Amino acid sequence: MNKLFVSCCLSLLATAAFSQQKTFIVNASRPGAPVQPTMYGVFFEDINMGADGGIYAELVKNRSFEFNNPLMGWTVNGKKEEGDLLVLNSHTYNKANPNFLRLKVHNRRKGEWGLTNEGFRGMGIRAGVSYQLSMMYRTAKPGITIHAELMNAKGKVIGHTAFDAAPGTGDWQTKALSFTAAEQDTSAKLTLWLEGNGTIDLDMISLFPGDTWKNRPKGLRADMVQMLADMKPGFIRFPGGCIVEGRDLANRFQWKKTVGPVENRELIINRWNTEFNHRLTPDYYQSFGLGFFEYFQLAEDIGAAPLPILNCGMACQFNTAELVPMEDLQPYIQDAIDLVEFANGPATSTWGKVRADMGHPEPFHLTMLGVGNENWGPQYIERARAFAAALKAKHPEIKLVFSSGTDPNGARFDFLNDTLRKMNADFIDEHYYRSPEWFLANAARYDNYPRNGSKVFAGEYAAHEDKNFVGSDRNTLRAAIAEAAFLTGLERNADVVHMASYAPLFASAEAWQWAPDLIWVNNLQVVGTPSYQVQKLYSLNKGTHVLPLLSANKPVTGQDSLYASAVIDEQKKEIIVKVVNVSQQAVTGKIQLQGKNNLSKTATLTTLAGNDPVAVNRFNNQPVAPVETAVAVNKQSVALTLAPNSLQVLRIKY
């Protein structure tokens with residue numbers, strides 16, 4: 001028989017089999033496991049300039065001159081003589097941030113002598129927006145005027161203000177001014193011209209837009225926070241990530257140094273500064289203007305449960321693997337105990353008073369806390385036991401999250417998973433950065449997990465395209481749809497998985513270190529990737545209880561390239577079905593509903609799809625976006641065409 005004829009016949013048979021209508025039976029009379037309100041959340045880490053230069057809206061880089069090169073980010077304008085500009089270091093002045101500038105002004109006119117700050121890859125300025133300039137200064141005699149000018153990329157002044165430096169008694173003063181920008185620019189700079197005669201000390205030179213989130217002075221970038229608020233996440237995990245561990249313990253995140261007045265928060269080098277040789281970012285530091293108070297406040301603002309992660313006495317094991325001896329671990333444990341008091345304690349308590357003095361006398365309602373990040377080995381278990389014993393004795397109401405290491409399988413994972421379950425850990429944090437194919441193959445990962453005992457927190461995951469895809473090009477539709485398929489398995493097993501969050505969250509298009517990421521930003525724009533759209537659709541449609549969904553009497557976990565799950569929302573009176581088609585051809589499907597007779601005659605169908613599996617969303621072109629349509633409900637069933645490379649979410653009122 002002709003081989004070509006046989007091949008064509010087999011191809012036609014396969015196509016015919018694939019094109020047969022797929023029926024998904026959903027039994028709405030049998031609600032199963034509850035879906036936790038925390039099921040879908042967000043993970044924040046200061047990577048890819050996610051905080052300084054990102055969501056923290058400060059526009060001045062190195063505002064307090066504490067970088068290893070104290071003038072990094074600054075350019076001196078005009079001819080200076082020896083001693084005209086000095087960087088002074090005085091721990092008497094400020095133990096946390098001891099550097100400040102001393103400038104001598106010799107009968108200068110405006111435009112002759114000054115400083116320019118370049119911002120974080122430039123400053124994004126919007127026309128008509130008010131900008132808040134502030135600085136700390138000290139001068140003994142009158143005679144100096146400071147002119148502040150916003151200059152666009154071509155050197156044109158697009159905003160300005162000025163003030164006369166008033167003499168004091170030797171004490172520092174804070175000056176705050178505002179002015180409105182005349183034009184928009186993505187790469188503006190701030191120049192300070194010093195006019196007159198005399199000597200002046202300067203520190204904490206700061207510039208913020210007036211249109212921050214909730215218009216809070218010196219707050220967060222509103223457009224970036226809005227992207228999170230739109231997801232209605234169940235939790236926000238902060239501050240990371242490997243940022244918690246640090247390259248060494250001196251570089252770890254210490255929450256107590258990130259609260260209180262911003263000028264007293266000790267700046268450190270960001271651990272991602274030199275982590276990747278191909279993406280060196282020598283100007284990447286942490287000012288901690290976004291500190292633990294601001295993280296808790298952000299969680300409260302967007303209705304998310306706060307999930308702080310604390311160092312457990314271990315630095316990054318891929319870097320230095322530095323350890324605190326067990327006999328010296330108590331200060332780390334005390335930090336965790338004190339954090340609960342900071343978040344939940346009365347305003348009369350030691351750390352509750354710190355919170356209250358920052359403007360939040362009410363508690364933040366902390367219910368869970370993470371111990372370590374991606375730590376492993378018996379040394380981690382030893383420290384985890386010590387944390388668990390102390391925290392459960394002092395605060396049994398707080399659920400604890402423990403690490404299962406860096407990989408979702410293997411000897412390291414098995415040891416941690418088995419040991420933590422024997423310890424009755426509340427949550428085990430699993431991480432998986434893998435190929436799209438891995439996510440498809442593991443959609444049934446939790447089908448056979450223990451139904452009792454420790455719950456799973458899918459704390460960091462993302463489908464990674466291969467190295468031929470670089471930067472934001474890694475955020476393909478194909479990767480997002482693979483994640484959507486995997487999430488059907490998390491949803492189906494909501495009695496096992498209580499939380500999940502994609503990672504990382506933000507990336508600067510000009511200064512990223514790691515890709516893919518959920519949301520890409522530049523100085524003026526944000527764009528949600530296809531993965532963002534998937535996460536948002538799941539978070540907005542999580543329901544309250546799992547419903548059985550079967551096709552040919554089996555859960556739909558990849559048969560014919562299809563994946564599906566269903567939930568019921570008993571508060572909104574909706575049945576919600578999610579179907580994923582990872583193939584390159586459309587499939588005819590039918591949702592058959594059982595157990596509810598009073599269904600609405602129409603349902604809402606939201607489709608996220610695209611013909612190009614490697615399509616990506618860019619700032620000015622976003623081809624992958626959800627489309628909502630109305631579909632008919634006919635005799636307890638809904639007919640669907642499952643588009644190629646698609647996630648479809650069907651909502652039916654009852």
# chains A, B, ... in the order shown; residues from 1 in each chain; ligands from 1
>>> residues_around(residues="stretch 412-421 of chain A", least_positions_apart="6", cutoff="12 Å", atoms="only C-alpha atoms", output="PyMOL selection string")
chain A and resi 374-382+384-385+388+400-406+427-432+449-456
>>> residues_around(residues="stretch 293-307 of chain A", least_positions_apart="6", cutoff="8 Å", atoms="only C-alpha atoms", output="MDAnalysis selection string")
chainID A and resid 38 41 228:229 232:239 258:259 343 355 358 364 366:370
>>> closest_residue(among="A:Ala51, A:Leu487, A:Met423, A:Ala463", to="A:Tyr284", atoms="only C-alpha atoms")
A:Ala51
>>> residues_around(residues="A:His395", least_positions_apart="3", cutoff="10 Å", atoms="only C-alpha atoms", output="ChimeraX atom specification")
/A:337,340-341,367,388,390-392,398-399
>>> residues_around(residues="A:His160", least_positions_apart="3", cutoff="10 Å", atoms="only C-alpha atoms", output="MDAnalysis selection string")
chainID A and resid 131 147:151 157 178:182 190:192
>>> write_last_selection(atoms="N, CA and C atoms", output="CSV table (one decimal), in the first residue's frame")
chain,number,residue,atom,x,y,z
A,131,TYR,N,4.5,67.9,40.9
A,131,TYR,CA,5.6,67.1,41.4
A,131,TYR,C,6.1,67.7,42.8
A,147,HIS,N,17.6,76.7,42.9
A,147,HIS,CA,16.7,76.6,41.8
A,147,HIS,C,16.6,75.1,41.4
A,148,ALA,N,15.4,74.6,41.3
A,148,ALA,CA,15.2,73.2,40.8
A,148,ALA,C,14.5,73.2,39.4
A,149,GLU,N,15.1,72.5,38.5
A,149,GLU,CA,14.6,72.5,37.1
A,149,GLU,C,14.4,71.0,36.6
A,150,LEU,N,13.3,70.7,36.1
A,150,LEU,CA,13.1,69.5,35.4
A,150,LEU,C,13.4,69.7,33.9
A,151,MET,N,14.3,68.9,33.4
A,151,MET,CA,14.8,69.1,32.0
A,151,MET,C,14.5,67.9,31.2
A,157,VAL,N,13.7,73.1,29.8
A,157,VAL,CA,13.1,73.1,31.1
A,157,VAL,C,11.6,72.9,31.0
A,178,SER,N,6.4,72.3,45.5
A,178,SER,CA,5.7,71.6,44.5
A,178,SER,C,5.6,72.5,43.2
A,179,PHE,N,5.6,71.9,42.1
A,179,PHE,CA,5.5,72.6,40.8
A,179,PHE,C,4.9,71.6,39.8
A,180,THR,N,4.4,72.2,38.7
A,180,THR,CA,3.7,71.4,37.7
A,180,THR,C,4.5,71.3,36.4
A,181,ALA,N,4.5,70.1,35.9
A,181,ALA,CA,5.3,69.8,34.7
A,181,ALA,C,4.5,70.3,33.5
A,182,ALA,N,5.2,71.0,32.5
A,182,ALA,CA,4.5,71.5,31.4
A,182,ALA,C,4.4,70.5,30.2
A,190,LEU,N,16.6,66.0,36.8
A,190,LEU,CA,16.4,67.0,37.8
A,190,LEU,C,17.7,67.7,38.0
A,191,THR,N,17.8,69.0,37.8
A,191,THR,CA,19.0,69.8,38.1
A,191,THR,C,18.7,70.8,39.2
A,192,LEU,N,19.6,70.9,40.1
A,192,LEU,CA,19.6,71.9,41.2
A,192,LEU,C,20.7,72.9,40.9
>>> residues_around(residues="A:Met314", least_positions_apart="4", cutoff="12 Å", atoms="only C-alpha atoms", output="NGL selection string")
:A and (242-253 or 310 or 318-326 or 328-329 or 332 or 371-377 or 379-384)
>>> select_by_dssp(residues="stretch 498-543 of chain A", states="alpha helix (DSSP H)", output="list in words")
Pro530, Ser531, Tyr532, Gln533, Val534, Gln535, Lys536, Leu537, Tyr538, Ser539 and Leu540 of chain A
